[in-house]
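Colleague: Before we start, here is the structure in question, set down as C-alpha cells.
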There are 2 protein chains.
Amino acid sequence: METLPDGKLRIIPLGGVGEIGKNMYAYHVKDQILVVDCGLKFPDEGMFGVDVVVPDIRYLIENRDAVQAIILTHGHEDHIGGLAYILPQLNVPVYGTRLALGLARHRLGERRLLDSLDLREFAVSDTLEIGHFTVEPIQVAHSIPDSLAFAIRTPAGIAVHTGDFKFDQTPVDGRLFDVAKLARISEEGVLALLSDTTNIEKPGFVPSERIVGQTFDRIFRETEGRIIIASFASQIHRMQMAVDSAAKYGRKVATVGRSMAQNMDMAASLGFLNVPEGIRVRAEELGSLKPKQVTILTTGSQGEPLAGLSRMAAAEHRQVHIEKGDTVILSATPIPGNEDAVWRVVNGLIARGAHVIYDALMPVHVSGHGNAEELKLVLNIVNPQYVVPVHGEQRMMSLYAKTAEEMGWLPEDIFRLEIGDVLELNEESGKVVDRVPSGAVLVDASGTAGIHEVVLRDRQHLSEDGFVVVVAAINRATGEIVSGPEILSRGFVYMDHSEELIAEATNHIREMLENLPKDEARNYDAVQVDVRQSLKKFLEKRTQRRPMILPMIMEL
Amino acid sequence: METLPDGKLRIIPLGGVGEIGKNMYAYHVKDQILVVDCGLKFPDEGMFGVDVVVPDIRYLIENRDAVQAIILTHGHEDHIGGLAYILPQLNVPVYGTRLALGLARHRLGERRLLDSLDLREFAVSDTLEIGHFTVEPIQVAHSIPDSLAFAIRTPAGIAVHTGDFKFDQTPVDGRLFDVAKLARISEEGVLALLSDTTNIEKPGFVPSERIVGQTFDRIFRETEGRIIIASFASQIHRMQMAVDSAAKYGRKVATVGRSMAQNMDMAASLGFLNVPEGIRVRAEELGSLKPKQVTILTTGSQGEPLAGLSRMAAAEHRQVHIEKGDTVILSATPIPGNEDAVWRVVNGLIARGAHVIYDALMPVHVSGHGNAEELKLVLNIVNPQYVVPVHGEQRMMSLYAKTAEEMGWLPEDIFRLEIGDVLELNEESGKVVDRVPSGAVLVDASGTAGIHEVVLRDRQHLSEDGFVVVVAAINRATGEIVSGPEILSRGFVYMDHSEELIAEATNHIREMLENLPKDEARNYDAVQVDVRQSLKKFLEKRTQRRPMILPMIMEL
C-alpha cells in the first residue's frame, strides 16, 4: 500500500455504494487505514442457498498492518453484521457505543469469537485518537438509539461520515441530532462529506418516530382483544412506545422470537429501554391473561418464514394462535424484495380473523432515514469541498448528486463511487485513482464464506428444470452393456406420472450405447458427452425443458 | 350439477379472489353456467420453472354441457390470458369486444388454436342473450380501452360484475364510465355486486390518465436527447400520449419488443390508436435519426429479464445502446414481487448514464384501478342486496368488506369468498353452500399444464443445497465392489475446490459398502437407504448443508 503524503486522503468504499447494505468504508492517510462500519446484506433473488452477503476485504487483509480499527456508527445489521465473518480474518480493535457493541457481542457470541476480540466502548462525548485519525462522534437521530455520525480529522483535512440519520425533533429517547457539534466542526472547513442518500427520492422531512407512538396509543385505547406488534428486533424506540402504551392501558408485554427477547433484555439492562416493574411476562404466561391484558412483541415483520409472525399466520406457532378479535400491528414496511412474503403473511393473518393494521391504513411506521430536505440540510451545514453520496442504490446516489449540483456544487466535486474505487482527495482536486480487489462474499448457514458462482449458476438451473442422471456400466473389453442404463430425475418431471417418457428416454440411450464401436476405439469421455447431448435433445423435444443432465457411464 | 329453481343464483369464483390475477367467475342459474373472464397470473416466488398459473377448471369440465360461454370484461392478461390453456379443454363460445378479442387472438394464434374456436365480437351497445343469461355491457374507464362492466340478468335477479375500473373524468380516448347506464339498471334492483377491490387501501380518487400525458409533454418539451418510454404493451392510452407528444415535438416513434409492436399495429388497425402518417419508424432506422428525433416505446417495465428495457440496462440490446443524454421514462410501477428486478434495471440504466424518470420523481404512471372513493361510489350507485368483493388479496377484500359495513351493509350480506366457494343467493339470504374442485394449475414453457407439487418441492430443495449422486456397482454373488463408489454433485459445493471433501465422502461410502454382509442377506433397497442416510449425516456434519442425495447402487 502506498504511503500518502500529508495532504492526501483516500476513501475506498468496500460496500454500501450502489446498494443498501453491507456498509464498509476505508479511510486512508499516510500509512494507515481506518474502517467505518462492517455490515452485511441479505441475498438478492437468485443467490440460492446464500444466507448473508458480506464485503470482500481482500484489500484490508493485504494491508493488515495498516488497518488501525473498525469504528461503528450504530448497531444495525447492515453496519455491524459483517463482524462475525470478517473479524476472524482481520482481528483489529472495534470501537462502538454501548448499544452497538451490545448488539455486536450477541452476534459474535453466537459464533464464539468473543474471547479473542478487542471491543472498545466509547461515549458520544469522547474523542477517539486512533493512529493518525482523530474521530469525534456526533449524535444523530435514527431508528435505533445510540446512532452516530463521525467527524474524522486526518492530516489531509476533515471527513464527515453521516452514518444513517434523520432529524427527529421529538425523538423517543429525547436525544436530538447534535446539530451544534456538527456545525461547529464544519465551520473549521470539511474536505469531504459521505452522506446517507436512502430517502432522497422522498420530498420534505420524515415524520417523527413519535407519530407511531400516538397511533399505538389510539389502537391500545380502542382495542379490546390482544395486540400483537411486529417490528424489527433492533427497533428499541418502537419497543419503548409499545411498553408505554401497554403500561398506560393495563396490559402486559411478552416477546416472541429469540432476537426480540434478547434485545429487549439487553436494551433494558443497558438503560435504553424503560420497562416498568411487572409489565413483562413470559410467552408461556399469556394463556392466563385476558385478551385485553395482552401485548405481544414479535419478530417477522419482513415475512421471514421462520419468524414469529409468519408462523402465527400459518397457524404453526406454538404459543400464539391467531383468533378473531386479535389486532396485529405491522410496525415496519417491507424491505424491497420482501413484499411478496410480507403480504402473504398479512393475508394469512386476515384469513384467520385478525384485524391487521399496516402503514397504508394508519401511521404505524416511519423510516429511520431522513427525506430530501434533511439530506440537503446536512449538506448545507457541513458545506464540504467534496460530496460523496453513499448508502443508496445508483438511483438514490444519482439523485443526491443531482441535488448537490442544484445546490451549487460542481459536478467535478461530486463523486458517485463504485465498490472498490479509490477516491483520492486533496485541497486542489479529487479523483478516482485506482480500484482495489473488492465485491461481495456470499456466506451460507455453515458460515463458510465464498459460495462459488458456478454453484449458484447450477442452483439456478436446477431450480428451473431439475436434473436427470443416467447410469450404465459397460464391459471395457467387449463394449457390452453390463448394467443399465437407468435414468433418475428430480425437479424435472413427476416420475410417477412420466413412466412412459422415462422408458423411452432409457431405450433411446440403450440403443445409443449398443451401437458404440465394440473395439478399443471407444473414447469414454466422448461417450459421456454424446449421451448428454443426445438425451438433452431427446428431452427438450419431448418436454421443451432443459434439465441438467449427468451421465455416469462406468467401465468394468 | 344441481338444477337450481328460478329464484336462485350461484356464484363460484374459480380465480381472482384472495389474489390479483387469473380472474374467472362462474354464474350458475337453473341448469346453465356463464363464465366471466379467463385470466392467468404469473408465478409466485418458489414456483420454480413455472411460467404461468391458470385456474383449475375441473368444475367447468365436469359440467361442460351447462357452460354457455365465456364473456370477457377487457383484454388484460389476468382476464384473457388463460384462454390459450383452457379453451383446448373447454371449447365454448367466447364473447369479447373488438380489442379484447384482438389481444386474445394474438395469444391463441401463438398456440395455433384459432381455427376451431368460436370467438364472438360484440359492441358495448349490444345486449347479449346467452342461454338464460342476458348480459348488458357497461363502459368503464381502465388502463386499456374497451373495458366493461357487465349487468347480468338472470331468472334470480341481476348481478353486476364490475371488471377492473376507475372513474377517469378526462380519459385519453374520451370514453367515460357510463354511469347513467349503470344507474338505470341498478334502479331495477340488483341482487349482487362483484366489485374490483384492488386500490381500496388508497384514499380518494385516482388521478386521470391525462396527468401522465401532461408529464410526457413536459419531458418531450425539455429533452434534447432520445426519449425511451417503457410501459405495458397493452397500455394503448400511454402509447397514444407518447405518439401525440412525439408528433407535437417533431419526433419519430419506434417500438422495441414484439408485443409492443404487435399491439401498436393492432390498436392502430382497430381504430384504438391514432398514429399520424410518417411518425412510426422501424427500430433499424433509428441510427439515421438525430437523438432529438427519437422516441422508443419498449417493453420491460417490470424488469422482465428478456424484455427490451432489461437488455438495454445490461447493454445487451441489439439496436438500442444506452448513452449519456438518453432519457428513460418508466411509465409503470413495479407489480409486487417485481420490485427487485425493476430497480436493478433502473440502476443499470443510470449507471450507463441515462436520466431515468419514474413515479417517485414525476407523475409518469397512474393506476388503472379506482381508489376507495371510486369503489364506494359504485357500491352506492349499484346499491346491491349482496356485496361480493373480488379482484384483490385478502387484505383488500377484507378492507372493502369493512368499508361496505361502514356504508350500511350488514355483515351477513357481505361475502369474502375463497376460490371454489359456491355462494348461493336468493331474495331472502345468501350462503356459501358448497365448494367445488378448484385452485391453480401451473403451466410451464412447454404448455404442459399441471407441474406437480413434488417437482416444485424438489426444485426448491435443489435451489438451496444442490444434489449429490453416488454410484457404485456391486457383484451380486460376492458383495464385492466392482466399480465406484463415485460421487458427483452440482449446486452443492464447488467441486474443483472440494476435492478433499469429496474424497473423504467417497472413502466413507466405500468403507460402508465393504462392510456389507457378503451373503444373500443383503437387501439392496436397504443399502440405498443406508447409503443415503450415512452420506447425509457425513455431509451435514462437514458442511452444515443438506443436499439432495441420490444413491444408485447397481448389482451385477
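Identifiers for the C-alpha cells are assigned positionally: chains receive A, B, ... in sequence, residues are indexed from 1 per chain, and ligands are indexed from 1 in the order shown.
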Would you kindly return, as number ranges by chain, each protein, DNA or RNA residue with an atom no farther than 12 Å from any atom of Ile219 of chain A, considering only C-alpha atoms and excluding same-chain residues fewer than 3 positions away?

Modeller: A: 212-216, 222-229, 242, 245-246, 249, 292, 295, 326-329, 355-357, 362-364

Colleague: When you get a sec, could you note down which chain A residues fall within 6 Å of chain B, using only C-alpha atoms, as a short mmCIF file (atom, residue, chain, number, x, y, z; two decimals) with N, CA and C atoms, in the first residue's frame?

Modeller:
data_model
loop_
_atom_site.label_atom_id
_atom_site.label_comp_id
_atom_site.auth_asym_id
_atom_site.auth_seq_id
_atom_site.Cartn_x
_atom_site.Cartn_y
_atom_site.Cartn_z
N PHE A 48 -29.23 -18.37 -4.52
CA PHE A 48 -29.86 -19.53 -3.90
C PHE A 48 -28.97 -20.14 -2.83
N GLY A 49 -29.56 -20.39 -1.67
CA GLY A 49 -28.83 -21.06 -0.61
C GLY A 49 -27.83 -20.15 0.10
N GLY A 337 -38.03 -6.38 -2.12
CA GLY A 337 -37.72 -7.79 -2.30
C GLY A 337 -38.52 -8.67 -1.35
N ASP A 340 -43.66 -9.64 -1.37
CA ASP A 340 -44.48 -10.84 -1.54
C ASP A 340 -44.66 -11.58 -0.23
N ASN A 347 -52.03 -11.41 4.59
CA ASN A 347 -53.24 -12.07 4.09
C ASN A 347 -53.59 -13.29 4.94
N GLN A 394 -27.88 3.05 -7.05
CA GLN A 394 -27.46 4.03 -8.07
C GLN A 394 -28.47 5.16 -8.19
N ARG A 395 -29.77 4.80 -8.17
CA ARG A 395 -30.76 5.84 -8.43
C ARG A 395 -30.78 6.88 -7.32
N SER A 446 -23.49 -22.50 7.06
CA SER A 446 -22.34 -23.15 7.68
C SER A 446 -21.30 -22.12 8.09
N VAL A 455 -21.54 -22.69 -8.53
CA VAL A 455 -22.54 -23.37 -7.70
C VAL A 455 -23.87 -22.64 -7.77
N ASP A 458 -25.50 -23.32 -11.07
CA ASP A 458 -26.10 -24.65 -11.08
C ASP A 458 -27.42 -24.66 -10.29
N ARG A 459 -27.42 -23.98 -9.14
CA ARG A 459 -28.67 -23.95 -8.35
C ARG A 459 -29.79 -23.28 -9.12
N LEU A 462 -30.93 -25.80 -11.68
CA LEU A 462 -31.69 -26.86 -11.01
C LEU A 462 -33.06 -26.37 -10.57
N SER A 463 -33.14 -25.10 -10.13
CA SER A 463 -34.42 -24.59 -9.64
C SER A 463 -35.44 -24.49 -10.76
N GLU A 464 -34.98 -24.33 -11.99
CA GLU A 464 -35.91 -24.16 -13.10
C GLU A 464 -36.30 -25.48 -13.73
N GLY A 491 -37.00 -32.84 -9.78
CA GLY A 491 -37.27 -31.46 -10.14
C GLY A 491 -37.48 -31.25 -11.63
N TYR A 494 -42.62 -35.19 -12.88
CA TYR A 494 -43.05 -36.03 -11.77
C TYR A 494 -42.90 -37.49 -12.21
N GLN A 544 -39.87 -29.68 -23.99
CA GLN A 544 -39.49 -28.26 -24.07
C GLN A 544 -38.77 -27.80 -22.80
#

Colleague: Tell me, as a count of residues only, which residues lie within 10 Å of Leu410 of chain A, counting only C-alpha atoms; anything in the same chain fewer than 6 positions away does not count.

Modeller: 5

Colleague: Neighbours of Lys431 of chain A within 9 Å (only C-alpha atoms; same-chain residues fewer than 4 positions away dropped), as a PyMOL selection string?

Modeller: chain A and resi 412-413+415+422-425

Colleague: Can you list, as number ranges by chain, every protein, DNA or RNA residue that comes within 7 Å of Gly7 of chain A when you count only C-alpha atoms, leaving out same-chain residues fewer than 4 positions away?

Modeller: A: 155-156, 426

Colleague: At a cut-off of 8 Å, using only C-alpha atoms, what residues contact segment 89-105 of chain A? Leave out same-chain residues fewer than 5 positions from it and give the result as a ChimeraX atom specification.

Modeller: /A:60-61,64,67-76,80-81,83,114,117-124,145-146,263,266-267,270

Colleague: Store the residues picked out above in a file with C-alpha atoms, as a compact mmCIF listing (two decimals), in the first residue's frame.

Modeller:
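Once written, part.txt looks like this:
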# COMPACT_ATOMS: atom_id res chain seq x y z
CA LEU A 60 -7.75 -4.84 4.08
CA ILE A 61 -6.13 -8.24 4.55
CA ARG A 64 -3.48 -5.74 7.55
CA VAL A 67 -5.60 -1.10 9.49
CA GLN A 68 -5.95 0.69 12.84
CA ALA A 69 -9.52 -0.16 13.77
CA ILE A 70 -13.13 -0.51 12.74
CA ILE A 71 -15.44 2.18 14.16
CA LEU A 72 -19.19 1.60 14.23
CA THR A 73 -21.82 4.26 13.55
CA HIS A 74 -24.69 2.23 15.06
CA GLY A 75 -25.94 -1.28 15.77
CA HIS A 76 -27.93 -2.21 12.67
CA ILE A 80 -22.22 -4.42 12.20
CA GLY A 81 -23.44 -7.75 10.82
CA LEU A 83 -18.05 -8.51 12.04
CA LEU A 114 -15.66 -13.08 21.80
CA LEU A 117 -11.58 -9.82 20.25
CA ASP A 118 -10.75 -6.27 21.20
CA LEU A 119 -14.05 -4.39 21.54
CA ARG A 120 -13.68 -0.84 22.80
CA GLU A 121 -16.65 1.07 24.07
CA PHE A 122 -16.81 4.84 23.84
CA ALA A 123 -19.33 7.54 24.68
CA VAL A 124 -20.64 10.10 22.26
CA PRO A 145 -30.67 4.55 19.80
CA ASP A 146 -27.02 5.47 20.09
CA ASN A 263 -32.63 -7.26 22.52
CA MET A 266 -30.14 -6.04 26.64
CA ALA A 267 -31.72 -2.66 25.89
CA LEU A 270 -28.08 -1.04 29.24

Colleague: What is the distance between atom CA of Lys290 of chain A and atom CA of Ala254 of chain A, in Å to one decimal?

Modeller: 13.4 Å

Colleague: Quick one: of A:Gln262, A:Thr154, A:Ser195, A:Asn515, who's nearest to Ala233 of chain A, counting only C-alpha atoms?

Modeller: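 Of the candidates, the smallest distance to Ala233 of chain A is held by A:Gln262.
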